[in-house]
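J.: Just target.cif, nothing more (mmCIF, C-alpha atoms):
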data_input
loop_
_atom_site.label_atom_id
_atom_site.label_comp_id
_atom_site.auth_asym_id
_atom_site.auth_seq_id
_atom_site.Cartn_x
_atom_site.Cartn_y
_atom_site.Cartn_z
CA MET A 31 12.97 19.72 0.18
CA SER A 32 9.87 17.80 1.27
CA VAL A 33 9.43 16.88 4.92
CA PRO A 34 8.90 13.17 5.67
CA ALA A 35 5.40 12.39 6.85
CA GLY A 36 6.70 11.10 10.16
CA ASN A 37 8.39 14.46 10.92
CA ARG A 38 5.34 16.65 10.32
CA LEU A 39 3.57 18.08 13.35
CA SER A 40 0.00 16.85 13.39
CA GLY A 41 -2.55 15.25 15.68
CA THR A 42 -1.42 14.45 19.20
CA ARG A 43 2.14 15.58 18.53
CA LEU A 44 0.94 19.05 17.53
CA ASP A 45 -1.37 19.24 20.56
CA LEU A 46 1.50 18.44 22.91
CA VAL A 47 3.70 21.10 21.30
CA VAL A 48 0.96 23.73 21.64
CA ALA A 49 0.35 22.69 25.25
CA ALA A 50 4.06 23.04 25.99
CA VAL A 51 4.10 26.53 24.46
CA LEU A 52 1.03 27.57 26.46
CA LEU A 53 2.52 26.13 29.66
CA THR A 54 5.76 28.01 29.08
CA ASP A 55 3.75 31.18 28.49
CA THR A 56 1.70 30.96 31.70
CA LEU A 57 4.62 29.86 33.88
CA THR A 58 6.70 32.75 32.54
CA SER A 59 3.95 35.13 33.67
CA GLY A 60 3.95 33.42 37.06
CA VAL A 61 7.71 33.72 37.40
CA ALA A 62 7.60 37.42 36.54
CA LYS A 63 4.88 37.94 39.14
CA ALA A 64 6.71 35.88 41.77
CA VAL A 65 9.98 37.78 41.26
CA GLY A 66 8.21 41.14 41.42
CA ASP A 67 5.42 41.12 44.01
CA GLY A 68 5.28 37.46 44.93
CA LEU A 69 2.78 34.82 43.92
CA ALA A 70 0.53 32.74 46.15
CA TRP A 71 1.17 29.00 46.14
CA TYR A 72 -2.19 28.21 44.57
CA GLY A 73 -1.36 30.49 41.65
CA TRP A 74 0.94 27.89 40.09
CA PRO A 75 -1.67 25.14 39.63
CA LEU A 76 -4.16 27.72 38.33
CA LEU A 77 -1.62 28.82 35.72
CA ALA A 78 -0.71 25.24 34.78
CA VAL A 79 -4.13 23.57 34.60
CA GLY A 80 -5.22 25.24 31.34
CA PRO A 81 -2.21 24.18 29.25
CA LEU A 82 -2.17 20.71 30.81
CA VAL A 83 -5.74 19.90 29.75
CA PHE A 84 -5.35 21.41 26.28
CA PRO A 85 -4.30 18.10 24.55
CA LEU A 86 -7.84 16.82 25.29
CA TRP A 87 -9.50 19.45 23.13
CA ARG A 88 -10.20 17.09 20.21
CA ARG A 89 -12.37 14.81 22.35
CA TYR A 90 -13.64 17.26 24.97
CA PRO A 91 -13.52 20.82 23.56
CA ARG A 92 -16.24 22.16 25.85
CA ALA A 93 -14.69 20.70 29.00
CA VAL A 94 -11.28 22.14 28.07
CA MET A 95 -12.83 25.56 27.50
CA LEU A 96 -14.68 25.50 30.84
CA VAL A 97 -11.56 24.47 32.74
CA THR A 98 -9.29 27.08 31.15
CA VAL A 99 -11.83 29.90 31.56
CA ALA A 100 -12.48 28.90 35.17
CA ALA A 101 -8.73 28.96 35.83
CA LEU A 102 -8.51 32.41 34.20
CA VAL A 103 -11.31 33.80 36.34
CA ALA A 104 -9.89 32.22 39.52
CA SER A 105 -6.43 33.70 38.87
CA GLY A 106 -7.70 37.12 37.85
CA HIS A 107 -7.06 38.69 41.25
CA LEU A 108 -3.44 37.51 41.22
CA GLY A 109 -2.44 40.11 38.63
CA VAL A 110 -0.17 37.82 36.64
CA GLY A 111 -0.62 39.79 33.43
CA PRO A 112 -2.40 39.26 30.11
CA LEU A 113 -0.25 36.32 28.98
CA ALA A 114 -2.03 34.08 31.49
CA ALA A 115 -5.24 34.51 29.48
CA VAL A 116 -3.80 32.96 26.29
CA PRO A 117 -4.88 29.33 27.07
CA ALA A 118 -8.46 30.47 27.71
CA LEU A 119 -8.51 32.49 24.49
CA VAL A 120 -7.21 29.53 22.48
CA ALA A 121 -9.78 27.20 24.09
CA ILE A 122 -12.61 29.64 23.30
CA ALA A 123 -11.54 29.87 19.66
CA VAL A 124 -11.26 26.07 19.41
CA ALA A 125 -14.70 25.47 20.95
CA MET A 126 -16.25 28.01 18.60
CA TYR A 127 -14.52 26.35 15.67
CA ARG A 128 -15.91 22.96 16.68
CA GLY A 129 -19.43 24.39 16.49
CA HIS A 130 -20.31 24.79 20.19
CA ARG A 131 -21.58 28.29 19.53
CA ARG A 132 -24.31 28.68 22.16
CA LEU A 133 -22.17 27.56 25.11
CA THR A 134 -19.14 29.56 23.93
CA VAL A 135 -21.02 32.81 23.36
CA SER A 136 -22.83 32.46 26.69
CA LEU A 137 -19.57 31.83 28.50
CA VAL A 138 -17.84 34.81 26.89
CA LEU A 139 -20.74 37.09 27.84
CA VAL A 140 -20.68 35.84 31.43
CA VAL A 141 -16.90 36.28 31.73
CA SER A 142 -17.17 39.75 30.18
CA ALA A 143 -19.78 40.73 32.78
CA VAL A 144 -17.72 39.25 35.61
CA THR A 145 -14.62 41.11 34.38
CA MET A 146 -16.45 44.44 34.22
CA LEU A 147 -18.00 43.90 37.63
CA GLY A 148 -14.68 42.84 39.19
CA ASN A 149 -12.81 45.90 37.88
CA TRP A 150 -15.66 48.16 38.93
CA SER A 151 -15.63 46.61 42.43
CA SER A 152 -11.84 47.04 42.71
CA ALA A 153 -12.24 50.75 41.95
CA GLY A 154 -14.73 51.19 44.78
CA PHE A 155 -17.64 51.11 42.36
CA HIS A 156 -16.38 54.29 40.71
CA PHE A 157 -16.62 54.10 36.94
CA THR A 158 -13.28 55.53 35.79
CA GLY A 159 -11.22 55.48 32.64
CA ASP A 160 -8.90 52.85 34.10
CA VAL A 161 -11.85 50.58 34.87
CA LEU A 162 -13.13 50.93 31.32
CA GLU A 163 -9.67 50.41 29.79
CA GLN A 164 -8.85 47.30 31.81
CA SER A 165 -12.29 45.79 31.26
CA MET A 166 -12.42 46.46 27.54
CA LEU A 167 -8.94 44.99 27.07
CA VAL A 168 -10.03 41.62 28.46
CA ILE A 169 -13.51 41.72 26.87
CA GLY A 170 -12.02 42.70 23.52
CA TRP A 171 -9.60 39.75 23.49
CA LEU A 172 -12.39 37.37 24.50
CA HIS A 173 -14.48 38.53 21.56
CA VAL A 174 -11.49 38.37 19.21
CA ALA A 175 -11.05 34.69 20.15
CA LEU A 176 -14.77 34.16 19.66
CA ILE A 177 -14.81 35.76 16.23
CA SER A 178 -11.59 34.04 15.15
CA GLY A 179 -12.98 30.59 15.86
CA GLU A 180 -16.26 31.33 14.08
CA SER A 181 -14.58 32.89 11.05
CA ARG A 182 -12.26 29.91 10.68
CA ARG A 183 -15.19 27.53 10.99
CA GLN A 184 -17.15 29.38 8.32
CA ARG A 185 -14.10 29.54 6.07
CA ASP A 186 -13.53 25.77 6.31
CA ALA A 187 -17.25 25.16 5.71
CA TYR A 188 -17.11 27.39 2.64
CA MET A 189 -14.03 25.61 1.33
CA ALA A 190 -15.66 22.22 1.90
CA GLU A 191 -18.79 23.33 0.09
CA ALA A 192 -16.72 24.75 -2.76
CA GLU A 193 -14.82 21.47 -3.04
CA HIS A 194 -18.09 19.53 -3.02
CA THR A 195 -19.50 21.80 -5.71
CA ARG A 196 -16.37 21.35 -7.80
CA GLU A 197 -16.57 17.57 -7.48
CA GLU A 198 -20.23 17.61 -8.46
CA ALA A 199 -19.41 19.75 -11.49
CA VAL A 200 -16.67 17.33 -12.50
CA LYS A 201 -19.07 14.39 -12.11
CA ARG A 202 -21.72 16.12 -14.21
CA LYS A 203 -19.17 16.93 -16.88
CA ALA A 204 -17.94 13.33 -16.88
CA ALA A 205 -21.54 12.07 -17.14
CA ASP A 206 -22.23 14.39 -20.06
CA GLU A 207 -19.05 13.21 -21.75
CA ARG A 208 -20.02 9.56 -21.24
CA VAL A 209 -23.44 10.22 -22.79
CA ARG A 210 -21.80 11.98 -25.74
CA ILE A 211 -19.39 9.08 -26.28
CA ALA A 212 -22.25 6.59 -26.03
CA ARG A 213 -24.23 8.54 -28.61
CA GLU A 214 -21.28 8.69 -31.00
CA LEU A 215 -20.58 4.97 -30.60
CA HIS A 216 -24.22 4.15 -31.18
CA ASP A 217 -24.46 6.32 -34.30
CA SER A 218 -21.19 5.13 -35.83
CA LEU A 219 -20.47 1.54 -34.80
CA THR A 220 -23.90 0.10 -34.11
CA HIS A 221 -25.16 0.83 -37.60
CA SER A 222 -22.11 -0.68 -39.30
CA ILE A 223 -22.06 -3.79 -37.13
CA SER A 224 -25.80 -4.28 -37.63
CA VAL A 225 -25.37 -4.09 -41.41
CA ILE A 226 -22.58 -6.69 -41.28
CA ARG A 227 -24.64 -8.98 -39.08
CA VAL A 228 -27.76 -8.70 -41.25
CA GLN A 229 -25.86 -9.32 -44.47
CA ALA A 230 -24.04 -12.31 -43.01
CA GLY A 231 -27.32 -13.71 -41.71
CA VAL A 232 -29.00 -13.31 -45.08
CA ALA A 233 -26.10 -15.04 -46.82
CA LEU A 234 -26.23 -17.94 -44.36
CA HIS A 235 -29.99 -18.23 -44.79
CA LEU A 236 -29.74 -18.34 -48.56
CA ALA A 237 -26.95 -20.90 -48.44
CA ARG A 238 -28.92 -23.18 -46.15
CA LYS A 239 -32.07 -22.66 -48.24
CA ARG A 240 -30.18 -23.93 -51.30
CA GLY A 241 -28.99 -26.91 -49.30
CA GLU A 242 -25.38 -25.76 -49.31
CA GLU A 243 -22.96 -25.86 -46.41
CA PRO A 244 -22.25 -22.26 -45.33
CA PRO A 245 -18.61 -21.25 -45.59
CA PRO A 246 -16.85 -21.31 -42.18
CA ALA A 247 -15.63 -17.73 -42.73
CA LEU A 248 -19.21 -16.54 -43.16
CA VAL A 249 -20.31 -18.30 -39.99
CA ALA A 250 -17.38 -16.71 -38.13
CA VAL A 251 -18.35 -13.27 -39.44
CA GLU A 252 -21.92 -13.68 -38.15
CA GLU A 253 -20.74 -14.92 -34.73
CA ALA A 254 -18.23 -12.08 -34.47
CA ALA A 255 -20.94 -9.57 -35.36
CA LYS A 256 -23.21 -11.02 -32.65
CA ASP A 257 -20.42 -10.81 -30.05
CA ALA A 258 -19.53 -7.26 -31.11
CA THR A 259 -23.20 -6.20 -30.89
CA ARG A 260 -23.55 -7.66 -27.42
CA GLU A 261 -20.34 -6.10 -26.15
CA LEU A 262 -21.21 -2.75 -27.68
CA ARG A 263 -24.61 -2.86 -26.01
CA GLU A 264 -22.98 -3.53 -22.63
CA THR A 265 -20.52 -0.70 -23.22
CA LEU A 266 -23.29 1.74 -24.09
CA THR A 267 -25.24 0.67 -21.01
CA MET A 268 -22.18 1.29 -18.85
CA LEU A 269 -21.59 4.72 -20.35
CA ARG A 270 -25.20 5.86 -20.02
CA ASP A 271 -25.90 4.35 -16.61
CA ASP A 272 -23.08 5.01 -14.16
CA GLU A 273 -24.93 6.14 -11.03
CA GLY A 274 -26.14 4.43 -7.88
CA HIS A 275 -25.00 1.35 -6.00
CA ARG A 276 -23.63 -1.14 -8.47
CA LEU A 277 -22.88 -4.00 -6.10
CA SER A 278 -26.57 -4.15 -5.24
CA ARG A 279 -27.05 -5.27 -8.86
CA VAL A 280 -24.60 -8.18 -8.75
CA LYS A 281 -27.36 -10.79 -8.53
CA PRO A 282 -29.23 -9.46 -11.59
CA LEU A 283 -25.86 -9.37 -13.35
CA ALA A 284 -25.29 -13.04 -12.53
CA ASP A 285 -28.75 -13.91 -13.86
CA ARG A 286 -27.68 -12.73 -17.30
CA TYR A 287 -24.89 -15.32 -17.35
CA ARG A 288 -26.89 -18.27 -15.99
CA GLY A 289 -28.54 -18.81 -19.35
CA LEU A 290 -25.14 -19.57 -20.87
CA GLY A 291 -24.76 -22.97 -19.22
CA PHE A 292 -23.19 -21.86 -15.93
CA ALA A 293 -24.49 -22.37 -12.41
CA ILE A 294 -23.61 -19.18 -10.53
CA ASP A 295 -23.68 -18.94 -6.74
CA VAL A 296 -23.72 -15.35 -5.44
CA GLU A 297 -23.26 -14.04 -1.88
CA CYS A 298 -23.09 -10.23 -1.63
CA GLU A 299 -23.10 -8.37 1.68
CA VAL A 300 -23.75 -4.99 0.01
CA ASP A 301 -27.30 -3.88 -0.77
CA GLU A 302 -29.10 -0.62 -1.63
CA THR A 303 -28.96 0.59 1.99
CA ALA A 304 -25.21 0.15 2.35
CA VAL A 305 -23.00 3.24 2.58
CA LEU A 306 -20.04 2.55 0.31
CA ASP A 307 -17.46 4.68 -1.44
CA GLU A 308 -18.53 5.23 -5.07
CA GLU A 309 -15.15 4.33 -6.56
CA ILE A 310 -14.95 1.10 -4.57
CA ASP A 311 -18.54 0.23 -5.42
CA HIS A 312 -17.94 0.84 -9.12
CA ALA A 313 -14.61 -1.01 -9.21
CA ALA A 314 -15.98 -4.04 -7.35
CA TYR A 315 -18.95 -4.32 -9.71
CA ARG A 316 -16.68 -4.14 -12.78
CA ILE A 317 -14.36 -6.77 -11.32
CA VAL A 318 -17.28 -9.17 -10.83
CA GLN A 319 -18.55 -8.40 -14.33
CA GLU A 320 -15.16 -8.98 -15.96
CA ALA A 321 -14.55 -12.16 -13.96
CA LEU A 322 -17.92 -13.60 -14.99
CA THR A 323 -17.24 -12.71 -18.61
CA ASN A 324 -13.85 -14.43 -18.44
CA ALA A 325 -15.40 -17.53 -16.89
CA VAL A 326 -18.04 -17.78 -19.61
CA ARG A 327 -15.55 -17.27 -22.41
CA HIS A 328 -12.52 -19.18 -21.25
CA SER A 329 -13.40 -21.56 -18.42
CA ALA A 330 -13.92 -25.24 -19.10
CA GLY A 331 -16.06 -25.57 -15.98
CA ASP A 332 -19.76 -25.16 -15.39
CA ARG A 333 -19.98 -23.45 -11.98
CA VAL A 334 -18.94 -20.01 -10.73
CA ARG A 335 -18.89 -18.78 -7.14
CA VAL A 336 -19.10 -15.03 -6.39
CA ARG A 337 -18.41 -13.71 -2.89
CA VAL A 338 -18.48 -10.03 -1.89
CA ARG A 339 -17.55 -9.56 1.76
CA ARG A 340 -17.36 -6.30 3.66
CA GLY A 341 -14.65 -6.31 6.32
CA GLU A 342 -13.70 -3.67 8.86
CA ASP A 343 -11.21 -1.90 6.62
CA ALA A 344 -11.66 -3.36 3.13
CA LEU A 345 -14.08 -4.86 0.66
CA VAL A 346 -13.11 -8.34 -0.58
CA VAL A 347 -14.36 -9.56 -3.94
CA GLU A 348 -13.78 -13.21 -4.88
CA VAL A 349 -14.88 -14.90 -8.09
CA ALA A 350 -13.93 -18.56 -8.64
CA ASP A 351 -14.86 -21.01 -11.39
CA ASN A 352 -14.32 -24.77 -11.32
CA GLY A 353 -12.53 -24.86 -14.66
CA ARG A 354 -9.14 -25.00 -12.94
CA ALA A 355 -7.34 -23.31 -15.83
CA ARG A 356 -3.71 -24.34 -15.90
CA THR A 357 -2.58 -21.56 -18.22
CA VAL A 358 -3.44 -17.87 -18.12
CA THR A 359 -2.29 -14.97 -20.24
CA PRO A 360 -3.41 -11.60 -18.81
CA GLY A 361 -5.44 -9.89 -21.53
CA ARG A 362 -7.14 -6.53 -21.56
CA GLY A 363 -9.76 -7.68 -19.04
CA LEU A 364 -7.32 -8.73 -16.32
CA THR A 365 -5.07 -5.76 -17.07
CA GLY A 366 -7.97 -3.34 -16.65
CA MET A 367 -9.00 -5.16 -13.48
CA ARG A 368 -5.52 -4.76 -12.01
CA GLU A 369 -5.45 -1.08 -12.94
CA ARG A 370 -8.71 -0.52 -11.05
CA VAL A 371 -7.36 -2.25 -7.96
CA ASP A 372 -4.01 -0.43 -8.08
CA ALA A 373 -5.77 2.93 -8.41
CA LEU A 374 -7.54 2.27 -5.09
CA GLY A 375 -4.41 0.99 -3.32
CA GLY A 376 -5.69 -2.57 -3.07
CA THR A 377 -4.36 -6.03 -3.85
CA LEU A 378 -5.31 -8.49 -6.60
CA ASP A 379 -4.59 -12.23 -6.58
CA ILE A 380 -5.13 -14.32 -9.73
CA GLY A 381 -4.60 -18.04 -10.04
CA PRO A 382 -5.66 -21.49 -8.84
CA GLY A 383 -7.57 -21.63 -5.57
CA ASP A 384 -9.64 -23.97 -3.42
CA HIS A 385 -12.62 -23.65 -5.76
CA GLY A 386 -10.77 -23.50 -9.06
CA PHE A 387 -9.44 -20.53 -10.97
CA THR A 388 -9.88 -17.65 -8.52
CA ILE A 389 -9.75 -13.87 -8.76
CA THR A 390 -9.55 -12.14 -5.36
CA ALA A 391 -9.56 -8.35 -5.11
CA THR A 392 -9.13 -6.49 -1.81
CA LEU A 393 -10.25 -2.85 -1.97
CA PRO A 394 -9.38 -0.82 1.15
CA PHE A 395 -11.86 1.74 2.46
CA PRO A 396 -10.73 5.40 2.50
CA GLU A 397 -11.51 5.59 6.22
CA PRO A 398 -10.10 4.21 8.38
CA ALA A 399 -6.86 4.72 6.54
CA VAL A 400 -5.08 1.72 5.16
CA PRO A 401 -1.95 0.83 7.20
CA SER A 402 1.25 1.94 5.57
CA GLY A 403 2.48 -1.65 5.40
CA THR A 404 -0.23 -2.79 2.96
CA VAL A 405 1.36 -4.56 0.04
CA PRO A 406 0.22 -3.18 -3.34
CA ALA A 407 -1.08 -5.44 -6.05
CA GLN A 408 1.73 -7.28 -7.78
CA ALA A 409 1.91 -8.69 -11.24
CA ALA A 410 0.05 -11.96 -11.67
CA PRO A 411 2.34 -14.97 -11.60
CA ALA A 412 3.10 -16.55 -14.93
CA LEU A 413 1.06 -19.73 -15.09
CA ASP A 414 2.21 -21.37 -18.26
CA THR A 415 0.44 -18.98 -20.59
CA ARG A 416 -2.06 -20.15 -23.13
CA SER A 417 -5.69 -19.02 -22.78
CA THR A 418 -6.40 -15.28 -22.72
CA ARG A 419 -8.66 -13.78 -20.10
#
Can the structure in the file be given as C-alpha cells, please?

T.:
Amino acid sequence: MSVPAGNRLSGTRLDLVVAAVLLTDTLTSGVAKAVGDGLAWYGWPLLAVGPLVFPLWRRYPRAVMLVTVAALVASGHLGVGPLAAVPALVAIAVAMYRGHRRLTVSLVLVVSAVTMLGNWSSAGFHFTGDVLEQSMLVIGWLHVALISGESRRQRDAYMAEAEHTREEAVKRKAADERVRIARELHDSLTHSISVIRVQAGVALHLARKRGEEPPPALVAVEEAAKDATRELRETLTMLRDDEGHRLSRVKPLADRYRGLGFAIDVECEVDETAVLDEEIDHAAYRIVQEALTNAVRHSAGDRVRVRVRRGEDALVVEVADNGRARTVTPGRGLTGMRERVDALGGTLDIGPGDHGFTITATLPFPEPAVPSGTVPAQAAPALDTRSTR
C-alpha cells in the first residue's frame, strides 16, 4: 500500500524527528549518569544543545557541527558515556556530506588530539592500554562519521553523474533517430511529392500556353503539392535541428510569416542568455509556431500578436489574431499543442480574447515546484465548430 505524500517523513518533519531521537539519546545518558554518580547542573544543557540545533543543519551545517562538537568536548569530563557523542558524529557526517571537507577534517583531527591528550593527562601522563583503548574508541568513531559522510557524498555524486550520462545517451540516441527519420522521409516522400508538383506544373503551363483554362482539379493538385513540400521541409528542419534555445528564434520565425499578408507583433522575454528548461523551451516554441500557422491558414484577420512572458514560476505564451473566429474545431495542431502543455503540467486556454482569437499556454517551471492546487489544462470549450485549426 502506497503512503500518501503528506504522511512521508521528509524535510523539516524528518529533521525534527531525528532531533527528537538524538535528544532522547543524550538525555537518557544524562539520566543514567545522574542516577548512578550524579550529574552537574550544567551537564543537562550541554547534552541538549546538540540535538536542539540539529534541525538547522540544512542551512547552517558547519555551525551545527561546531556547536555539537564543542558540546561533546565540554561534556567529556562528565563521563556520561558514548551515547552522548552521537549528535556530534551525525553532525560531522552531515557536514562532510555537504562538502565542507577541509573544516570537517581539521576539526576531527583537533578533537582526536584533544581526546588523546585528555585521556593521557587523566592517567597522569602514563601511556597505558586503557588510555589507548579509550582514545582510539572515540577517535575511531569520529573517523567513521567522517568516512561515512564522504562515502555517501561520493556515492550520490556518482549516481548523479551516471544519471546525467544516461540522459545524454538517451538524447544522443533520440537525435540519431530523428536524423534517420528525416533521411527516410526525404528519400521517400520528397522525391514523390516533387514529381507530382513538377508534373502538375508542366500540365498547367501547357494548358495556359494553349490558351485553355486549367482544370480546377489540376490547380488543386499543384497547390496541395506546394503545401506538402513546404510542410515536409519544416518537418525535416525540425527533425534535424532540435538543439539550442528555440524561443530565442521566435522573431526569425515570425519573419517567415510576415510575407503572407500578416502584420506580426512579437515580444519575447527569452533570449540566448536565458537559462530555461529544454522541454519548456521546445514546447513554447512549437506552440508559437503552430499558433502562427493556424492564424495564417484559418484566420480572417491581418494582424497577430505574440507575447512570451517569463514569470516567477511559469512561462506564459500568448498568441492572438484579430480574426475573431466564432467557430473552432480542434484539429491535429491544437490537439498536439494541448498534449505538449499537459505533459508539462501546464494550462491551455483557447478562444476569444481581448485581441481576438487567443491561445494562452502557461508552462510551469520544474523549480520551484508547482503548487498542488494548479488546475491542469482542460478541454477547449466548444465554440460552435466549423473551421479547423

J.: Show which residues sit within 12 Å of Pro75 of chain A, as a list in words. Count only C-alpha atoms, and ignore same-chain residues fewer than 4 positions away.

T.: Leu53, Thr56, Leu57, Gly60, Leu69, Ala70, Trp71, Val79, Gly80, Pro81, Leu82, Val83, Thr98, Ala101, Leu102, Ala104 and Ser105 of chain A

J.: Between atom CA of Asp343 of chain A and atom CA of Arg276 of chain A, what distance in Å does the model show, to one decimal?

T.: 19.6 Å

J.: Need the shell around Leu113 of chain A: protein/DNA/RNA residues with any atom at most 12 Å away, counting only C-alpha atoms. Skip same-chain ones fewer than 5 positions apart. Format as a PyMOL selection string?

T.: chain A and resi 51-63+77+102+105-106+118-120+168+171

J.: Using the chain letters and numbers from the file, give me the residues hit by the PyMOL selection byres ((chain A and resi 177-190) around 10), as a VMD selection string.

T.: chain A and resid 119 to 131 135 171 to 176 191 to 196

J.: By how many Å are atom CA of Ala350 of chain A and atom CA of Asp295 of chain A apart?

T.: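 Straight-line distance from atom CA of Ala350 of chain A to atom CA of Asp295 of chain A works out to 9.9 Å.
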
J.: Could you tell me which residues the PyMOL selection byres ((chain A and resi 246-251) around 8) grabs in this file, written as a PyMOL selection string?

T.: chain A and resi 227+230+233-234+244-245+252-255

J.: Please put the answer as JSON: centre and edge lengths, in Å with one decimal, of a box along x, y and z that encloses all listed atoms of segment 78-92 of chain A plus 6 Å on each side.

T.:
{"center_x": -8.5, "center_y": 20.0, "center_z": 27.5, "size_x": 27.5, "size_y": 22.4, "size_z": 26.6}

J.: Enter the distance from atom CA of Glu309 of chain A to atom CA of Arg210 of chain A, in Å, rounded to one decimal.

T.: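 Those two atoms sit 21.7 Å apart.
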
J.: Give me the residues near segment 281-285 of chain A as a compact mmCIF listing (two decimals) with C-alpha atoms, keeping the file's coordinate frame, where near means some atom within 12 Å (using only C-alpha atoms) and where sequence neighbours in that chain fewer than 3 positions away do not count.

T.:
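Saved the output as result-v8.txt:
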# COMPACT_ATOMS: atom_id res chain seq x y z
CA GLU A 264 -22.98 -3.53 -22.63
CA ARG A 276 -23.63 -1.14 -8.47
CA LEU A 277 -22.88 -4.00 -6.10
CA SER A 278 -26.57 -4.15 -5.24
CA ARG A 288 -26.89 -18.27 -15.99
CA GLY A 289 -28.54 -18.81 -19.35
CA LEU A 290 -25.14 -19.57 -20.87
CA GLY A 291 -24.76 -22.97 -19.22
CA PHE A 292 -23.19 -21.86 -15.93
CA ALA A 293 -24.49 -22.37 -12.41
CA ILE A 294 -23.61 -19.18 -10.53
CA ASP A 295 -23.68 -18.94 -6.74
CA VAL A 296 -23.72 -15.35 -5.44
CA GLU A 297 -23.26 -14.04 -1.88
CA CYS A 298 -23.09 -10.23 -1.63
CA GLU A 299 -23.10 -8.37 1.68
CA VAL A 300 -23.75 -4.99 0.01
CA ASP A 301 -27.30 -3.88 -0.77
CA TYR A 315 -18.95 -4.32 -9.71
CA ARG A 316 -16.68 -4.14 -12.78
CA ILE A 317 -14.36 -6.77 -11.32
CA VAL A 318 -17.28 -9.17 -10.83
CA GLN A 319 -18.55 -8.40 -14.33
CA GLU A 320 -15.16 -8.98 -15.96
CA ALA A 321 -14.55 -12.16 -13.96
CA LEU A 322 -17.92 -13.60 -14.99
CA THR A 323 -17.24 -12.71 -18.61
CA ALA A 325 -15.40 -17.53 -16.89
CA VAL A 326 -18.04 -17.78 -19.61
CA ARG A 333 -19.98 -23.45 -11.98
CA VAL A 334 -18.94 -20.01 -10.73
CA ARG A 335 -18.89 -18.78 -7.14
CA VAL A 336 -19.10 -15.03 -6.39
CA ARG A 337 -18.41 -13.71 -2.89
CA VAL A 338 -18.48 -10.03 -1.89
CA VAL A 349 -14.88 -14.90 -8.09

J.: Could you tell me which of A:Gly170, A:Gly159, A:Ala199, A:Thr265 comes closest to Leu215 of chain A if we count only C-alpha atoms?

T.: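 Nearest candidate to Leu215 of chain A out of A:Gly170, A:Gly159, A:Ala199, A:Thr265: A:Thr265.
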